[in-house]
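**Student:** Sharing model_6.pdb below, PDB, C-alpha atoms:
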```pdb
ATOM      1  CA  PRO A 172       0.000   0.000   0.000
ATOM      2  CA  ASN A 173       2.847   2.454   0.687
ATOM      3  CA  ILE A 174       4.256   2.040  -2.811
ATOM      4  CA  GLY A 175       0.809   2.401  -4.358
ATOM      5  CA  THR A 176       0.068   5.479  -2.239
ATOM      6  CA  ALA A 177       3.378   7.124  -3.153
ATOM      7  CA  PHE A 178       2.807   6.404  -6.823
ATOM      8  CA  THR A 179      -0.753   7.765  -6.711
ATOM      9  CA  LEU A 180       0.180  10.923  -4.803
ATOM     10  CA  THR A 181       2.962  11.580  -7.286
ATOM     11  CA  THR A 182       0.678  10.977 -10.252
ATOM     12  CA  VAL A 183      -1.953  13.462  -9.024
ATOM     13  CA  GLY A 184       0.711  16.062  -8.218
ATOM     14  CA  GLU A 185       0.473  16.029  -4.418
ATOM     15  CA  LEU A 186       4.204  15.419  -3.867
ATOM     16  CA  ASN A 187       5.499  18.078  -6.256
ATOM     17  CA  ASP A 188       9.119  17.212  -7.128
ATOM     18  CA  LEU A 189       9.913  15.065  -4.093
ATOM     19  CA  ASP A 190      11.980  11.988  -4.910
ATOM     20  CA  GLU A 191      11.268  10.335  -1.571
ATOM     21  CA  VAL A 192       8.289  10.191   0.779
ATOM     22  CA  ILE A 193       8.278   8.707   4.290
ATOM     23  CA  PHE A 194       5.254   6.945   5.791
ATOM     24  CA  GLU A 195       4.829   6.435   9.520
ATOM     25  CA  GLU A 196       3.656   2.867  10.045
ATOM     26  CA  LEU A 197       3.314   0.533  13.014
ATOM     27  CA  ALA A 198       6.488  -1.187  11.787
ATOM     28  CA  GLY A 199       8.395   2.111  11.779
ATOM     29  CA  LEU A 200       9.275   4.802   9.246
ATOM     30  CA  VAL A 201       8.910   3.474   5.705
ATOM     31  CA  ALA A 202      10.799   5.403   3.028
ATOM     32  CA  VAL A 203       9.650   5.119  -0.597
ATOM     33  CA  ARG A 204      11.897   6.427  -3.385
ATOM     34  CA  ILE A 205      10.215   7.722  -6.531
ATOM     35  CA  ARG A 206      11.661   7.667 -10.030
ATOM     36  CA  ARG A 207      10.212   9.890 -12.739
ATOM     37  CA  GLU A 208      10.489  10.020 -16.500
ATOM     38  CA  GLU A 209       9.283  13.105 -18.349
ATOM     39  CA  GLY A 210       7.752  14.348 -15.122
ATOM     40  CA  LYS A 211       5.680  11.222 -14.507
ATOM     41  CA  ALA A 212       6.195   8.587 -11.809
ATOM     42  CA  THR A 213       7.345   5.328 -13.402
ATOM     43  CA  TRP A 214       8.877   3.397 -10.522
ATOM     44  CA  CYS A 215       8.849   3.287  -6.713
ATOM     45  CA  GLU A 216      11.078   1.395  -4.298
ATOM     46  CA  LEU A 217      10.356   0.712  -0.642
ATOM     47  CA  LYS A 218      13.018   0.531   2.059
ATOM     48  CA  ALA A 219      12.231  -1.728   4.999
ATOM     49  CA  PRO A 220      11.882   0.231   8.246
ATOM     50  CA  GLN A 221      14.250  -2.062  10.153
ATOM     51  CA  HIS A 222      17.069  -4.511   9.527
ATOM     52  CA  LEU A 223      16.178  -8.196   9.554
ATOM     53  CA  SER A 224      15.814  -9.771  12.975
ATOM     54  CA  LEU A 225      15.280 -13.492  13.490
ATOM     55  CA  GLY A 226      13.323 -14.720  16.473
ATOM     56  CA  GLN A 227      12.135 -17.975  17.944
ATOM     57  CA  PRO A 228      11.890 -21.106  15.824
ATOM     58  CA  VAL A 229       8.779 -23.267  15.789
ATOM     59  CA  THR A 230       9.119 -27.009  15.257
ATOM     60  CA  PRO A 231       7.868 -28.317  11.892
ATOM     61  CA  GLU A 232       5.543 -30.716  13.689
ATOM     62  CA  ARG A 233       3.938 -27.926  15.676
ATOM     63  CA  MET A 234       3.600 -25.626  12.679
ATOM     64  CA  ALA A 235       2.083 -28.433  10.641
ATOM     65  CA  SER A 236      -0.571 -28.901  13.323
ATOM     66  CA  ILE A 237      -1.329 -25.171  13.377
ATOM     67  CA  LEU A 238      -1.723 -25.138   9.590
ATOM     68  CA  SER A 239      -3.655 -28.454   9.540
ATOM     69  CA  LEU A 240      -0.965 -30.017   7.367
ATOM     70  CA  SER A 241       1.341 -33.013   7.572
ATOM     71  CA  PRO A 242       4.885 -32.504   8.912
ATOM     72  CA  ASP A 243       6.047 -33.748   5.497
ATOM     73  CA  ASP A 244       4.494 -30.618   3.959
ATOM     74  CA  ILE A 245       7.011 -28.432   5.808
ATOM     75  CA  ILE A 246      10.385 -27.799   4.135
ATOM     76  CA  THR A 247      13.366 -27.086   6.400
ATOM     77  CA  THR A 248      16.231 -27.216   3.878
ATOM     78  CA  THR A 249      16.846 -23.456   4.026
ATOM     79  CA  HIS A 250      15.269 -22.652   7.374
ATOM     80  CA  GLU A 251      12.890 -24.101   9.908
ATOM     81  CA  PRO A 252       9.655 -22.266  10.664
ATOM     82  CA  ARG A 253      10.667 -19.234  12.660
ATOM     83  CA  VAL A 254       9.890 -15.623  13.459
ATOM     84  CA  ALA A 255      11.378 -13.036  11.099
ATOM     85  CA  SER A 256      10.835  -9.289  11.040
ATOM     86  CA  VAL A 257      11.871  -6.087   9.328
ATOM     87  CA  GLY A 258       9.417  -4.130  11.468
ATOM     88  CA  LEU A 259       6.503  -6.504  12.029
ATOM     89  CA  PRO A 260       7.190 -10.130  13.013
ATOM     90  CA  PHE A 261       5.799 -13.149  11.169
ATOM     91  CA  VAL A 262       6.292 -16.863  11.643
ATOM     92  CA  ILE A 263       7.608 -17.773   8.186
ATOM     93  CA  THR A 264       7.244 -21.332   6.922
ATOM     94  CA  GLU A 265       8.292 -22.878   3.623
ATOM     95  CA  LEU A 266       5.934 -25.531   2.247
ATOM     96  CA  ARG A 267       6.596 -28.405  -0.120
ATOM     97  CA  ASN A 268       4.224 -27.615  -2.982
ATOM     98  CA  HIS A 269       1.196 -25.727  -4.230
ATOM     99  CA  ALA A 270      -1.185 -28.401  -2.940
ATOM    100  CA  ALA A 271       0.046 -27.845   0.627
ATOM    101  CA  LEU A 272      -0.265 -24.083   0.224
ATOM    102  CA  GLU A 273      -3.857 -24.432  -0.962
ATOM    103  CA  LYS A 274      -5.110 -26.752   1.780
ATOM    104  CA  ILE A 275      -4.007 -24.653   4.772
ATOM    105  CA  ASN A 276      -6.688 -24.382   7.452
ATOM    106  CA  VAL A 277      -5.395 -22.468  10.479
ATOM    107  CA  ASN A 278      -6.184 -24.012  13.857
ATOM    108  CA  THR A 279      -6.801 -20.893  15.943
ATOM    109  CA  THR A 280      -6.739 -22.825  19.232
ATOM    110  CA  LEU A 281      -3.181 -24.015  18.579
ATOM    111  CA  LEU A 282      -2.266 -20.607  17.189
ATOM    112  CA  ALA A 283      -3.383 -18.950  20.428
ATOM    113  CA  GLU A 284      -0.875 -21.106  22.294
ATOM    114  CA  LEU A 285       1.910 -19.414  20.314
ATOM    115  CA  GLU A 286       0.597 -16.027  21.366
ATOM    116  CA  ARG A 287       0.669 -17.068  25.030
ATOM    117  CA  GLU A 288       4.368 -17.850  24.529
ATOM    118  CA  ASN A 289       4.933 -14.279  23.274
ATOM    119  CA  ILE A 290       5.289 -15.386  19.652
ATOM    120  CA  ARG A 291       3.372 -13.047  17.361
ATOM    121  CA  PRO A 292       0.644 -15.213  15.807
ATOM    122  CA  SER A 293       0.899 -13.843  12.253
ATOM    123  CA  LEU A 294       1.717 -16.615   9.800
ATOM    124  CA  PHE A 295       3.385 -16.308   6.417
ATOM    125  CA  THR A 296       3.671 -19.457   4.325
ATOM    126  CA  TYR A 297       5.312 -19.781   0.921
ATOM    127  CA  ILE A 298       6.555 -22.103  -1.793
ATOM    128  CA  HIS A 299       9.193 -21.700  -4.464
ATOM    129  CA  SER A 300       7.357 -21.632  -7.768
ATOM    130  CA  SER A 301       8.430 -22.494 -11.314
ATOM    131  CA  ASP A 302       5.766 -20.539 -13.198
ATOM    132  CA  ASP A 303       5.628 -16.796 -13.905
ATOM    133  CA  PHE A 304       6.521 -16.144 -10.249
ATOM    134  CA  ASP A 305       9.470 -17.138  -8.089
ATOM    135  CA  ILE A 306       7.406 -17.404  -4.919
ATOM    136  CA  ARG A 307       3.741 -17.948  -4.112
ATOM    137  CA  ALA A 308       2.616 -17.122  -0.592
ATOM    138  CA  ARG A 309      -0.295 -16.805   1.830
ATOM    139  CA  MET A 310      -0.583 -14.759   5.037
ATOM    140  CA  PHE A 311      -2.889 -15.408   8.005
ATOM    141  CA  ALA A 312      -3.532 -13.416  11.185
ATOM    142  CA  PRO A 313      -6.944 -14.632  12.398
ATOM    143  CA  LEU A 314      -6.316 -13.705  16.039
ATOM    144  CA  ALA A 315      -5.826 -10.095  14.899
ATOM    145  CA  GLY A 316      -9.016 -10.141  12.835
ATOM    146  CA  THR A 317      -7.420 -10.941   9.467
ATOM    147  CA  ILE A 318      -8.479 -14.386   8.304
ATOM    148  CA  GLU A 319      -6.241 -14.002   5.273
ATOM    149  CA  ASP A 320      -4.532 -10.993   3.728
ATOM    150  CA  PRO A 321      -4.129 -10.965  -0.077
ATOM    151  CA  ALA A 322      -1.116  -8.640  -0.071
ATOM    152  CA  THR A 323       1.249  -8.127   2.857
ATOM    153  CA  GLY A 324       4.276  -5.972   2.080
ATOM    154  CA  SER A 325       5.739  -6.252   5.570
ATOM    155  CA  ALA A 326       5.658 -10.055   5.376
ATOM    156  CA  ASN A 327       7.127 -10.213   1.882
ATOM    157  CA  CYS A 328       9.938  -7.843   2.879
ATOM    158  CA  ALA A 329      10.731 -10.055   5.863
ATOM    159  CA  LEU A 330      10.713 -13.162   3.662
ATOM    160  CA  VAL A 331      13.074 -11.705   1.061
ATOM    161  CA  ALA A 332      15.397 -10.447   3.801
ATOM    162  CA  MET A 333      15.348 -13.879   5.404
ATOM    163  CA  LEU A 334      16.094 -15.702   2.122
ATOM    164  CA  THR A 335      18.923 -13.289   1.411
ATOM    165  CA  HIS A 336      20.285 -13.871   4.917
ATOM    166  CA  TYR A 337      20.492 -17.616   4.306
ATOM    167  CA  ASN A 338      21.869 -17.223   0.778
ATOM    168  CA  LYS A 339      25.205 -15.560   1.451
ATOM    169  CA  ALA A 340      26.098 -15.686  -2.259
ATOM    170  CA  ALA A 341      23.110 -13.548  -3.282
ATOM    171  CA  ASN A 342      24.231 -10.421  -5.096
ATOM    172  CA  GLY A 343      21.700  -8.227  -6.858
ATOM    173  CA  GLU A 344      19.113 -10.993  -7.101
ATOM    174  CA  PHE A 345      15.409 -10.291  -6.893
ATOM    175  CA  TYR A 346      12.234 -12.275  -6.358
ATOM    176  CA  ILE A 347       8.859 -11.987  -8.067
ATOM    177  CA  LEU A 348       6.219 -12.861  -5.475
ATOM    178  CA  ASN A 349       2.553 -13.692  -5.886
ATOM    179  CA  GLN A 350       0.421 -13.560  -2.782
ATOM    180  CA  PHE A 351      -2.662 -12.095  -4.431
ATOM    181  CA  ALA A 352      -3.619 -14.886  -6.862
ATOM    182  CA  ASN A 353      -5.037 -17.289  -4.327
ATOM    183  CA  GLN A 354      -8.521 -18.709  -4.707
ATOM    184  CA  ASP A 355      -9.340 -18.481  -1.012
ATOM    185  CA  ASN A 356      -8.894 -14.705  -1.031
ATOM    186  CA  TYR A 357     -11.956 -13.990  -3.107
ATOM    187  CA  LYS A 358     -13.863 -16.911  -1.557
ATOM    188  CA  ASP A 359     -13.475 -15.368   1.908
ATOM    189  CA  HIS A 360     -14.965 -12.112   0.633
ATOM    190  CA  TYR A 361     -17.738 -13.992  -1.158
ATOM    191  CA  LYS A 362     -18.654 -15.864   2.020
ATOM    192  CA  THR A 363     -18.263 -13.032   4.551
ATOM    193  CA  THR A 364     -17.849  -9.535   3.116
ATOM    194  CA  CYS A 365     -20.586  -9.788   0.480
ATOM    195  CA  PRO A 366     -23.351 -10.974   2.850
ATOM    196  CA  GLU A 367     -22.313  -8.289   5.346
ATOM    197  CA  ILE A 368     -22.598  -5.508   2.754
ATOM    198  CA  TRP A 369     -25.875  -6.934   1.447
ATOM    199  CA  LYS A 370     -27.326  -7.017   4.964
ATOM    200  CA  ASP A 371     -26.059  -3.583   6.054
ATOM    201  CA  THR A 372     -27.444  -1.880   2.934
ATOM    202  CA  HIS A 373     -30.841  -3.581   3.397
ATOM    203  CA  GLN A 374     -30.432  -5.213  -0.014
ATOM    204  CA  SER A 375     -30.504  -1.863  -1.785
ATOM    205  CA  ILE A 376     -27.035  -1.403  -3.280
ATOM    206  CA  THR A 377     -26.937   1.138  -6.091
ATOM    207  CA  HIS A 378     -23.162   1.649  -6.478
ATOM    208  CA  PHE A 379     -20.153  -0.302  -5.252
ATOM    209  CA  VAL A 380     -16.562   0.950  -5.490
ATOM    210  CA  SER A 381     -13.651  -1.180  -4.305
ATOM    211  CA  SER A 382      -9.882  -0.800  -4.270
ATOM    212  CA  MET A 383      -7.045  -2.648  -2.573
ATOM    213  CA  GLY A 384      -3.397  -1.898  -2.035
ATOM    214  CA  THR A 385      -1.571  -1.147  -5.262
ATOM    215  CA  THR A 386      -4.100  -2.789  -7.582
TER     216      THR A 386
END
```
Take the structure I supplied and represent it as structure tokens, if you would.
**Tutor:**
Amino acid sequence: PNIGTAFTLTTVGELNDLDEVIFEELAGLVAVRIRREEGKATWCELKAPQHLSLGQPVTPERMASILSLSPDDIITTTHEPRVASVGLPFVITELRNHAALEKINVNTTLLAELERENIRPSLFTYIHSSDDFDIRARMFAPLAGTIEDPATGSANCALVAMLTHYNKAANGEFYILNQFANQDNYKDHYKTTCPEIWKDTHQSITHFVSSMGTT
């Protein structure tokens, strides 16, 4: 959202000739650099508010139970499930394949046990992909009121920082991530948001405008 906001504000002329704008977020101060061509914004780059910090690990068996998966679905070649943060902490877990990513069903009772151990119960799961994207991911924070988030910049920044940390040979590499294209995202809105809007408007909707993040 910060990149999209910076781009939009630049496009409508609210930032004048600034080449950087700083947002104050819960994670800290988020700086976004703006590149222009012929006076128009063409590119924005976000700087994480903090350096990577790695926190407590979570055993694969325990994380599998929380995600309603098999321990075999958890990959630990690069890292075990553990807390990582560049401002906001997430328990980051690599999964074996797309099928495992799709069938996640978070057990909130087991997740609450993590919170009682002072582990932030926000979950970020991912797989390495071989299609148009390098990584496909899903993010869950049901105890904070977010069943699933379709786009989480703070989690993706933490993931990329974590992967770079474990790949000491990385030099100038980048990742193309896809967290948005997940069938359960729109299904959650279909099952919950749509009936809520329909009820609250007394079944008399005349106009509906929606936007999200940078889309």
**Student:** Separation of CA of Thr279 (chain A) and CA of Leu294 (chain A), in Å?
**Tutor:**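 We find that CA of Thr279 (chain A) and CA of Leu294 (chain A) lie 11.3 Å from each other.
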**Student:** Per residue of region 245-296 of chain A within 8 Å of region 316-325 of chain A, note the shortest atom pair and the distance in Å to one decimal, counting all atoms listed in the file, and order the rows by chain and increasing residue number, as a Markdown table.
**Tutor:**
```
| residue | atom | partner | partner_atom | distance |
| --- | --- | --- | --- | --- |
| A:Val257 | CA | A:Ser325 | CA | 7.2 |
| A:Gly258 | CA | A:Ser325 | CA | 7.3 |
| A:Leu259 | CA | A:Ser325 | CA | 6.5 |
```
**Student:** Smallest atom-to-atom distance to Thr247 (chain A): which of A:Ile290, A:Leu225, A:Phe261, A:Arg267, using all atoms listed in the file?
**Tutor:**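 When distances to Thr247 (chain A) are compared using all atoms listed in the file, the smallest one comes from A:Arg267.
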**Student:** Evaluate the PyMOL selection byres ((chain A and resi 204) around 8) on the structure here and hand back the selected residues as a list in words.
**Tutor:**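 What the PyMOL selection byres ((chain A and resi 204) around 8) grabs from the file is Asp190, Glu191, Val192, Ala202, Val203, Ile205, Arg206, Cys215, Glu216 and Leu217 of chain A.
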**Student:** For the file shown, what are the residues hit by the PyMOL selection byres ((chain A and resi 301) around 12), laid out as a list in words?
**Tutor:** Asn268, His269, Ile298, His299, Ser300, Asp302, Asp303, Phe304, Asp305, Ile306, Arg307, Tyr346, Ile347, Leu348 and Asn349 of chain A
**Student:** In terms of the shortest atom-to-atom distance over all atoms listed in the file, which of A:Leu334, A:Leu223, A:Val277, A:Leu197 is closest to Ala235 (chain A)?
**Tutor:**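 Ranking A:Leu334, A:Leu223, A:Val277, A:Leu197 by distance to Ala235 (chain A), first place goes to A:Val277.
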